[in-house]
$ cat input-v3.cif   # mmCIF, C-alpha atoms and all ligand atoms
data_protein
loop_
_atom_site.label_atom_id
_atom_site.label_comp_id
_atom_site.auth_asym_id
_atom_site.auth_seq_id
_atom_site.Cartn_x
_atom_site.Cartn_y
_atom_site.Cartn_z
CA MET A 124 -126.35 21.07 -25.83
CA ASP A 125 -129.58 21.24 -23.76
CA GLY A 126 -129.50 21.83 -20.01
CA ARG A 127 -130.06 18.22 -19.02
CA ARG A 128 -127.32 16.85 -21.29
CA ALA A 129 -124.95 19.60 -20.14
CA VAL A 130 -125.47 18.64 -16.46
CA GLU A 131 -125.02 14.91 -17.28
CA SER A 132 -121.83 15.69 -19.15
CA LEU A 133 -120.50 17.79 -16.24
CA LEU A 134 -121.34 15.03 -13.72
CA ALA A 135 -119.64 12.43 -15.93
CA PHE A 136 -116.57 14.66 -16.07
CA TRP A 137 -116.53 15.01 -12.25
CA ALA A 138 -117.01 11.27 -11.79
CA GLU A 139 -114.13 10.66 -14.16
CA ALA A 140 -112.09 13.08 -12.10
CA GLY A 141 -112.84 11.08 -8.94
CA VAL A 142 -115.59 13.20 -7.38
CA GLY A 143 -117.79 10.65 -5.53
CA ALA A 144 -120.53 12.86 -4.01
CA ALA A 145 -122.20 16.05 -5.11
CA LEU A 146 -123.46 16.90 -1.63
CA SER A 147 -121.84 16.87 1.78
CA GLU A 148 -123.51 16.42 5.17
CA ALA A 149 -122.95 20.02 6.26
CA PRO A 150 -123.69 23.15 4.21
CA VAL A 151 -120.64 24.92 2.81
CA ASP A 152 -120.69 28.71 2.50
CA ARG A 153 -118.57 29.02 -0.65
CA MET A 154 -119.09 32.79 -0.83
CA ALA A 155 -117.46 33.20 2.58
CA ALA A 156 -114.64 30.87 1.60
CA GLY A 157 -114.12 32.88 -1.59
CA LEU A 158 -114.02 36.19 0.30
CA ALA A 159 -111.56 34.76 2.81
CA ALA A 160 -109.31 33.67 -0.02
CA LEU A 161 -109.30 37.23 -1.36
CA ARG A 162 -108.33 38.81 1.95
CA PRO A 163 -104.62 39.75 2.06
CA LYS A 164 -102.68 37.22 4.07
CA PRO A 165 -100.41 38.46 6.86
CA VAL A 166 -96.83 38.32 5.64
CA GLY A 167 -94.79 36.33 8.12
CA PRO A 168 -91.03 36.35 8.42
CA ALA A 169 -89.19 34.54 5.61
CA PRO A 170 -88.49 30.92 6.49
CA ALA A 171 -85.11 30.57 8.10
CA PRO A 172 -82.51 29.04 5.77
CA ALA A 173 -81.68 25.43 6.56
CA PRO A 174 -78.85 25.36 9.07
CA PRO A 175 -75.54 24.08 7.66
CA VAL A 176 -74.80 20.49 8.50
CA ARG A 177 -72.29 20.58 11.32
CA PRO A 178 -70.60 17.69 12.98
CA ALA A 179 -72.70 16.87 16.04
CA PHE A 180 -71.38 17.94 19.42
CA GLY A 181 -68.93 15.31 20.56
CA GLN A 182 -68.04 14.40 16.98
CA VAL A 183 -65.72 17.38 16.58
CA ARG A 184 -62.37 15.85 17.29
CA PRO A 185 -59.51 17.85 18.73
CA VAL A 186 -56.39 18.22 16.63
CA ASP A 187 -54.50 14.92 16.88
CA PRO A 188 -50.72 15.56 17.08
CA GLY A 189 -50.05 11.98 15.90
CA VAL A 190 -52.08 12.56 12.74
CA VAL A 191 -50.35 15.87 12.07
CA LEU A 192 -46.93 14.24 12.55
CA ALA A 193 -47.82 11.42 10.16
CA ALA A 194 -49.07 13.96 7.62
CA ARG A 195 -45.89 15.97 7.95
CA GLU A 196 -43.69 12.92 7.37
CA THR A 197 -45.75 11.75 4.40
CA ALA A 198 -45.84 15.23 2.87
CA ALA A 199 -42.10 15.75 3.34
CA SER A 200 -41.35 12.59 1.40
CA ALA A 201 -43.11 13.94 -1.72
CA ALA A 202 -40.42 15.18 -4.11
CA ASP A 203 -42.82 16.82 -6.55
CA LEU A 204 -46.47 17.73 -6.97
CA LEU A 205 -47.38 14.42 -8.56
CA GLN A 206 -45.96 12.52 -5.61
CA LEU A 207 -47.71 14.94 -3.28
CA ALA A 208 -51.06 14.28 -4.99
CA GLU A 209 -50.48 10.53 -4.61
CA ALA A 210 -49.47 10.93 -0.96
CA ILE A 211 -52.65 12.90 -0.24
CA ALA A 212 -54.85 10.32 -1.95
CA ALA A 213 -53.25 7.56 0.13
CA PHE A 214 -53.38 9.48 3.43
CA ASP A 215 -55.96 8.19 5.91
CA GLY A 216 -55.46 10.71 8.73
CA CYS A 217 -58.17 13.20 7.79
CA ASP A 218 -61.62 12.20 9.07
CA LEU A 219 -63.28 13.76 6.03
CA LYS A 220 -62.02 10.88 3.92
CA ARG A 221 -64.51 8.61 5.65
CA GLN A 222 -67.50 10.95 5.52
CA GLY A 223 -68.82 10.30 2.05
CA ALA A 224 -66.24 12.01 -0.19
CA ARG A 225 -65.72 10.23 -3.51
CA GLN A 226 -62.07 11.12 -3.94
CA ALA A 227 -59.24 13.39 -2.84
CA VAL A 228 -59.26 16.80 -4.52
CA PHE A 229 -55.81 18.35 -4.52
CA ALA A 230 -55.03 21.14 -6.96
CA ARG A 231 -55.14 22.64 -10.42
CA GLY A 232 -53.23 25.36 -12.23
CA ASP A 233 -49.67 26.30 -13.05
CA PRO A 234 -47.14 24.34 -10.92
CA GLY A 235 -44.76 27.32 -11.15
CA ALA A 236 -47.39 29.99 -10.52
CA PRO A 237 -46.47 33.17 -8.64
CA VAL A 238 -49.84 33.13 -6.84
CA MET A 239 -51.33 30.28 -4.85
CA VAL A 240 -55.07 30.49 -4.19
CA ILE A 241 -56.16 28.56 -1.11
CA GLY A 242 -59.88 27.97 -0.72
CA GLU A 243 -61.85 26.25 2.00
CA GLY A 244 -62.56 22.73 0.77
CA PRO A 245 -64.06 20.87 -2.19
CA GLY A 246 -67.78 21.05 -2.90
CA ALA A 247 -70.00 18.63 -4.81
CA GLU A 248 -68.66 19.41 -8.30
CA GLU A 249 -65.06 19.26 -7.11
CA ASP A 250 -65.76 15.93 -5.40
CA ARG A 251 -67.18 14.61 -8.66
CA ASP A 252 -64.43 15.97 -10.96
CA GLY A 253 -61.41 15.66 -8.67
CA ALA A 254 -60.23 19.28 -9.14
CA PRO A 255 -60.74 22.36 -6.94
CA PHE A 256 -63.00 25.27 -7.82
CA VAL A 257 -64.71 23.79 -10.87
CA GLY A 258 -68.32 24.56 -9.82
CA ARG A 259 -70.19 27.87 -10.03
CA ALA A 260 -67.97 29.53 -7.45
CA GLY A 261 -64.88 28.31 -9.27
CA LYS A 262 -66.13 29.68 -12.58
CA LEU A 263 -66.65 33.06 -10.97
CA LEU A 264 -63.16 32.83 -9.44
CA ASP A 265 -61.68 32.04 -12.87
CA ARG A 266 -63.50 34.98 -14.48
CA MET A 267 -62.27 37.36 -11.80
CA LEU A 268 -58.70 36.08 -11.96
CA ALA A 269 -58.71 36.39 -15.75
CA ALA A 270 -60.10 39.93 -15.56
CA ALA A 271 -57.28 40.83 -13.16
CA GLY A 272 -54.68 39.42 -15.57
CA LEU A 273 -53.99 36.37 -13.40
CA GLU A 274 -55.16 33.68 -15.78
CA ASN A 275 -52.46 30.98 -15.95
CA ARG A 276 -50.60 32.65 -13.09
CA VAL A 277 -52.27 30.77 -10.26
CA PHE A 278 -52.06 27.42 -8.57
CA ILE A 279 -55.32 26.58 -6.79
CA THR A 280 -55.86 24.31 -3.80
CA ASN A 281 -57.85 24.13 -0.55
CA THR A 282 -57.29 23.81 3.19
CA VAL A 283 -58.79 20.29 3.09
CA PHE A 284 -58.77 17.73 0.29
CA TRP A 285 -62.02 15.87 0.85
CA ARG A 286 -65.51 17.29 0.56
CA PRO A 287 -66.99 18.07 3.99
CA PRO A 288 -70.48 16.49 4.15
CA GLY A 289 -73.22 18.97 3.27
CA ASN A 290 -70.50 21.50 2.38
CA ARG A 291 -70.05 22.36 6.03
CA THR A 292 -66.99 24.32 7.13
CA PRO A 293 -64.05 22.00 7.79
CA THR A 294 -63.16 21.63 11.45
CA PRO A 295 -59.78 22.78 12.82
CA ALA A 296 -58.77 19.12 13.26
CA GLU A 297 -59.55 18.37 9.60
CA GLN A 298 -57.64 21.43 8.47
CA ALA A 299 -54.72 20.56 10.76
CA ALA A 300 -54.53 17.04 9.32
CA CYS A 301 -54.25 18.47 5.78
CA ALA A 302 -52.03 21.45 6.63
CA PRO A 303 -48.66 19.70 6.15
CA PHE A 304 -49.70 18.86 2.58
CA VAL A 305 -50.70 22.46 1.93
CA GLU A 306 -47.34 23.59 3.31
CA ARG A 307 -45.53 21.05 1.14
CA ALA A 308 -47.44 22.31 -1.91
CA ILE A 309 -46.30 25.85 -1.08
CA ALA A 310 -42.71 24.63 -0.75
CA LEU A 311 -42.86 22.85 -4.11
CA VAL A 312 -44.68 25.56 -6.10
CA ARG A 313 -42.81 28.41 -4.39
CA PRO A 314 -45.42 31.10 -5.11
CA ARG A 315 -44.63 34.70 -4.26
CA ILE A 316 -48.07 35.45 -2.83
CA LEU A 317 -50.91 33.52 -1.19
CA LEU A 318 -54.50 34.52 -1.91
CA LEU A 319 -56.73 33.16 0.88
CA ALA A 320 -60.29 32.75 -0.37
CA GLY A 321 -62.87 33.01 2.39
CA GLY A 322 -62.92 33.08 6.16
CA ALA A 323 -62.27 29.37 6.73
CA SER A 324 -59.08 29.59 4.69
CA ALA A 325 -57.87 32.93 6.02
CA LYS A 326 -58.49 32.11 9.68
CA HIS A 327 -56.77 28.73 9.41
CA MET A 328 -53.78 29.87 7.36
CA LEU A 329 -53.19 32.99 9.48
CA ARG A 330 -54.08 31.30 12.79
CA THR A 331 -56.52 34.04 13.73
CA GLY A 332 -60.09 34.27 14.96
CA GLU A 333 -60.76 37.53 13.11
CA GLY A 334 -63.64 37.56 10.63
CA ILE A 335 -63.07 37.71 6.88
CA LEU A 336 -64.77 41.08 6.51
CA SER A 337 -62.08 42.68 8.64
CA LEU A 338 -59.22 40.51 7.28
CA ARG A 339 -59.92 40.97 3.58
CA GLY A 340 -57.82 43.34 1.55
CA ARG A 341 -55.03 43.54 4.18
CA TRP A 342 -51.59 42.04 3.80
CA PHE A 343 -50.43 39.47 6.34
CA GLU A 344 -47.26 37.47 6.68
CA TRP A 345 -48.02 33.77 6.45
CA ARG A 346 -45.55 31.48 8.24
CA SER A 347 -45.28 27.73 7.94
CA GLU A 348 -45.83 25.70 11.09
CA ALA A 349 -42.10 25.23 11.67
CA GLY A 350 -41.42 28.83 10.66
CA PHE A 351 -39.13 27.97 7.73
CA GLN A 352 -41.36 29.50 5.07
CA GLU A 353 -42.82 33.00 5.01
CA LEU A 354 -44.95 34.65 2.36
CA PRO A 355 -47.21 37.66 1.96
CA ALA A 356 -50.82 36.54 2.18
CA LEU A 357 -53.94 38.43 1.17
CA PRO A 358 -57.33 37.28 2.46
CA THR A 359 -60.30 37.95 0.20
CA LEU A 360 -64.00 37.09 0.05
CA HIS A 361 -64.94 33.60 -1.05
CA PRO A 362 -66.47 33.44 -4.55
CA ALA A 363 -69.41 31.40 -3.17
CA PHE A 364 -70.15 34.37 -0.88
CA LEU A 365 -69.96 36.68 -3.90
CA LEU A 366 -72.56 34.57 -5.68
CA ARG A 367 -74.91 35.15 -2.75
CA GLN A 368 -73.93 38.81 -2.26
CA PRO A 369 -73.08 40.20 -5.72
CA ALA A 370 -72.67 43.70 -4.30
CA ALA A 371 -69.56 42.45 -2.49
CA LYS A 372 -67.81 41.68 -5.80
CA LYS A 373 -66.53 45.23 -5.77
CA LEU A 374 -64.54 44.46 -2.59
CA ALA A 375 -63.11 41.24 -4.00
CA TRP A 376 -62.14 43.11 -7.14
CA GLU A 377 -60.30 45.70 -5.05
CA ASP A 378 -58.46 42.83 -3.34
CA LEU A 379 -57.37 41.37 -6.67
CA LEU A 380 -56.08 44.75 -7.78
CA THR A 381 -54.17 45.05 -4.50
CA LEU A 382 -52.64 41.66 -5.25
CA THR A 383 -51.68 42.38 -8.86
CA GLU A 384 -50.22 45.73 -7.88
CA ARG A 385 -47.84 43.97 -5.50
CA LEU A 386 -47.14 41.09 -7.84
CA ASP A 387 -46.26 43.29 -10.78
CA ARG A 388 -44.47 45.99 -8.85
CA PRO A 389 -41.26 46.50 -10.82
CA ASP A 390 -39.06 47.87 -8.09
CA ARG A 391 -39.58 45.40 -5.24
CA ARG A 392 -39.43 41.71 -4.65
CA THR A 393 -42.56 40.50 -2.89
N1 LIG A 401 -65.13 26.20 -2.51
C1 LIG A 401 -63.86 26.06 -2.05
O1 LIG A 401 -63.48 26.66 -1.07
N2 LIG A 401 -63.06 25.25 -2.74
C2 LIG A 401 -63.43 24.60 -3.83
O2 LIG A 401 -62.61 23.88 -4.40
C3 LIG A 401 -64.74 24.77 -4.28
C4 LIG A 401 -65.58 25.58 -3.61
#
$ encode --input "input-v3.cif" --output "structure tokens" --more "lines below"
Ligand code: URA
Amino acid sequence: MDGRRAVESLLAFWAEAGVGAALSEAPVDRMAAGLAALRPKPVGPAPAPAPPVRPAFGQVRPVDPGVVLAARETAASAADLLQLAEAIAAFDGCDLKRQGARQAVFARGDPGAPVMVIGEGPGAEEDRDGAPFVGRAGKLLDRMLAAAGLENRVFITNTVFWRPPGNRTPTPAEQAACAPFVERAIALVRPRILLLAGGASAKHMLRTGEGILSLRGRWFEWRSEAGFQELPALPTLHPAFLLRQPAAKKLAWEDLLTLTERLDRPDRRT
């Protein structure tokens, strides 16, 4: 191709690509622009992660004793886990039910399990499938439980039964509204040990403000609201946290071994 035809071909290509003018009003120093592009750019701080969606100030409702009473009465009338699941689905006292959740997510696992795992609250996959811990965190939880010999020996539920919008932490009022159902589930399953997965579960169930990193791996005595039920409870790290911080899996593994040691101890009732 001669020079003239090559230039015509290039111009036709640019025109096709939408270039409308070959010249601009002001000269452009492309060498300087090129050198500037090669200069190392100052590395700024990493962008801050998006803040979790929290209920706006003023939207966080205090615990409503009327709601808790209604939940307690409804939960008490459930004679078995099936009735409890139906009672939860019909219960309107938890604000989360009206914040975009598709359905109530109650529980999965062995109804006679010796260990009850209590997580924080359903996420997107759980909201879609109607069962707790079925997403990535749940799969990790299952793998860890199986590795510790606890497969088929757990009943799994959460402190709240509707997905908090944006996966935010449930508020104390939301947890309080669901608590009588959790207590009823404990009374019906009669586990020997509670495994509290994550800070939101451990703090709520043990009524403490202590952080999960200091709670985890230590035995506590869980007591029902009215004090009629008592069980050993072991807080551990949440599997979603372990997905973000894989180095912490070692700690969660130690917690599971602590749990199985107590569960399978031949000489003592837990
Ligand atoms: N995280 C929880 O705490 N519970 C679930 O069911 C899923 C994720």
$ residues_near_ligand --input "input-v3.cif" --ligand "ligand LIG 401 (chain A)" --cutoff "9 Å" --atoms "only C-alpha atoms and all ligand atoms" --output "PDB file with C-alpha atoms, in the frame of the given file"
ATOM      1  CA  VAL A 228     -59.260  16.800  -4.520  1.00  0.00           C
ATOM      2  CA  PHE A 229     -55.810  18.350  -4.520  1.00  0.00           C
ATOM      3  CA  ALA A 230     -55.030  21.140  -6.960  1.00  0.00           C
ATOM      4  CA  ILE A 241     -56.160  28.560  -1.110  1.00  0.00           C
ATOM      5  CA  GLY A 242     -59.880  27.970  -0.720  1.00  0.00           C
ATOM      6  CA  GLU A 243     -61.850  26.250   2.000  1.00  0.00           C
ATOM      7  CA  GLY A 244     -62.560  22.730   0.770  1.00  0.00           C
ATOM      8  CA  PRO A 245     -64.060  20.870  -2.190  1.00  0.00           C
ATOM      9  CA  GLY A 246     -67.780  21.050  -2.900  1.00  0.00           C
ATOM     10  CA  ALA A 247     -70.000  18.630  -4.810  1.00  0.00           C
ATOM     11  CA  GLU A 248     -68.660  19.410  -8.300  1.00  0.00           C
ATOM     12  CA  GLU A 249     -65.060  19.260  -7.110  1.00  0.00           C
ATOM     13  CA  ASP A 250     -65.760  15.930  -5.400  1.00  0.00           C
ATOM     14  CA  ALA A 254     -60.230  19.280  -9.140  1.00  0.00           C
ATOM     15  CA  PRO A 255     -60.740  22.360  -6.940  1.00  0.00           C
ATOM     16  CA  PHE A 256     -63.000  25.270  -7.820  1.00  0.00           C
ATOM     17  CA  VAL A 257     -64.710  23.790 -10.870  1.00  0.00           C
ATOM     18  CA  GLY A 258     -68.320  24.560  -9.820  1.00  0.00           C
ATOM     19  CA  ARG A 259     -70.190  27.870 -10.030  1.00  0.00           C
ATOM     20  CA  ALA A 260     -67.970  29.530  -7.450  1.00  0.00           C
ATOM     21  CA  GLY A 261     -64.880  28.310  -9.270  1.00  0.00           C
ATOM     22  CA  ILE A 279     -55.320  26.580  -6.790  1.00  0.00           C
ATOM     23  CA  THR A 280     -55.860  24.310  -3.800  1.00  0.00           C
ATOM     24  CA  ASN A 281     -57.850  24.130  -0.550  1.00  0.00           C
ATOM     25  CA  THR A 282     -57.290  23.810   3.190  1.00  0.00           C
ATOM     26  CA  VAL A 283     -58.790  20.290   3.090  1.00  0.00           C
ATOM     27  CA  PHE A 284     -58.770  17.730   0.290  1.00  0.00           C
ATOM     28  CA  ARG A 286     -65.510  17.290   0.560  1.00  0.00           C
ATOM     29  CA  ASN A 290     -70.500  21.500   2.380  1.00  0.00           C
ATOM     30  CA  ALA A 320     -60.290  32.750  -0.370  1.00  0.00           C
ATOM     31  CA  GLY A 321     -62.870  33.010   2.390  1.00  0.00           C
ATOM     32  CA  ALA A 323     -62.270  29.370   6.730  1.00  0.00           C
ATOM     33  CA  SER A 324     -59.080  29.590   4.690  1.00  0.00           C
ATOM     34  CA  HIS A 361     -64.940  33.600  -1.050  1.00  0.00           C
ATOM     35  CA  PRO A 362     -66.470  33.440  -4.550  1.00  0.00           C
ATOM     36  CA  ALA A 363     -69.410  31.400  -3.170  1.00  0.00           C
TER      37      ALA A 363
END
$ closest_atom_pairs --input "input-v3.cif" --of "segment 323-390 of chain A" --to "segment 291-304 of chain A" --cutoff "10 Å" --atoms "only C-alpha atoms" --output "tab-separated table"
residue	atom	partner	partner_atom	distance
A:Ala323	CA	A:Thr292	CA	6.9
A:Ser324	CA	A:Gln298	CA	9.1
A:Lys326	CA	A:Pro295	CA	9.9
A:His327	CA	A:Gln298	CA	7.4
A:Met328	CA	A:Ala302	CA	8.6
A:Ser347	CA	A:Pro303	CA	8.9
A:Glu348	CA	A:Pro303	CA	8.3
$ closest_residue --input "input-v3.cif" --among "A:Arg341, A:Arg231, A:Arg346, A:Arg251" --to "Asp378 of chain A" --atoms "only C-alpha atoms"
A:Arg341
$ residues_around --input "input-v3.cif" --residues "Ala310 of chain A" --least-positions-apart "4" --cutoff "12 Å" --atoms "all atoms listed in the file" --output "VMD selection string"
chain A and resid 198 to 199 201 to 204 207 234 to 235 239 303 to 306 314 to 315 346 to 347 351 to 354
$ atom_distance --input "input-v3.cif" --atom1 "atom CA of Gly340 of chain A" --atom2 "atom CA of Gly289 of chain A"
28.9 Å
$ closest_residue --input "input-v3.cif" --among "A:Gln206, A:Leu366, A:Pro287, A:Arg195" --to "Gln226 of chain A" --atoms "all atoms listed in the file"
A:Pro287
$ closest_residue --input "input-v3.cif" --among "A:Val186, A:Leu311, A:Ala371, A:Gly322" --to "Ser200 of chain A" --atoms "all atoms listed in the file"
A:Leu311
$ closest_residue --input "input-v3.cif" --among "A:Ile309, A:Ala224, A:Leu317, A:Ile211" --to "Leu382 of chain A" --atoms "all atoms listed in the file"
A:Leu317
$ closest_residue --input "input-v3.cif" --among "A:Ala210, A:Ala308, A:Cys217, A:Leu336" --to "Glu196 of chain A" --atoms "only C-alpha atoms"
A:Ala210
$ atom_distance --input "input-v3.cif" --atom1 "atom CA of Leu374 of chain A" --atom2 "atom CA of Leu338 of chain A"
11.9 Å
$ axis_aligned_box --input "input-v3.cif" --around "segment 329-344 of chain A" --padding-each-side "4 Å" --output "JSON"
{"center_x": -56.0, "center_y": 37.4, "center_z": 8.3, "size_x": 25.5, "size_y": 20.2, "size_z": 21.4}
$ closest_residue --input "input-v3.cif" --among "A:Leu357, A:Leu264, A:Ala349, A:Val312" --to "Lys372 of chain A" --atoms "all atoms listed in the file"
A:Leu264
$ atom_distance --input "input-v3.cif" --atom1 "atom CA of Trp342 of chain A" --atom2 "atom CA of Asp387 of chain A"
15.6 Å
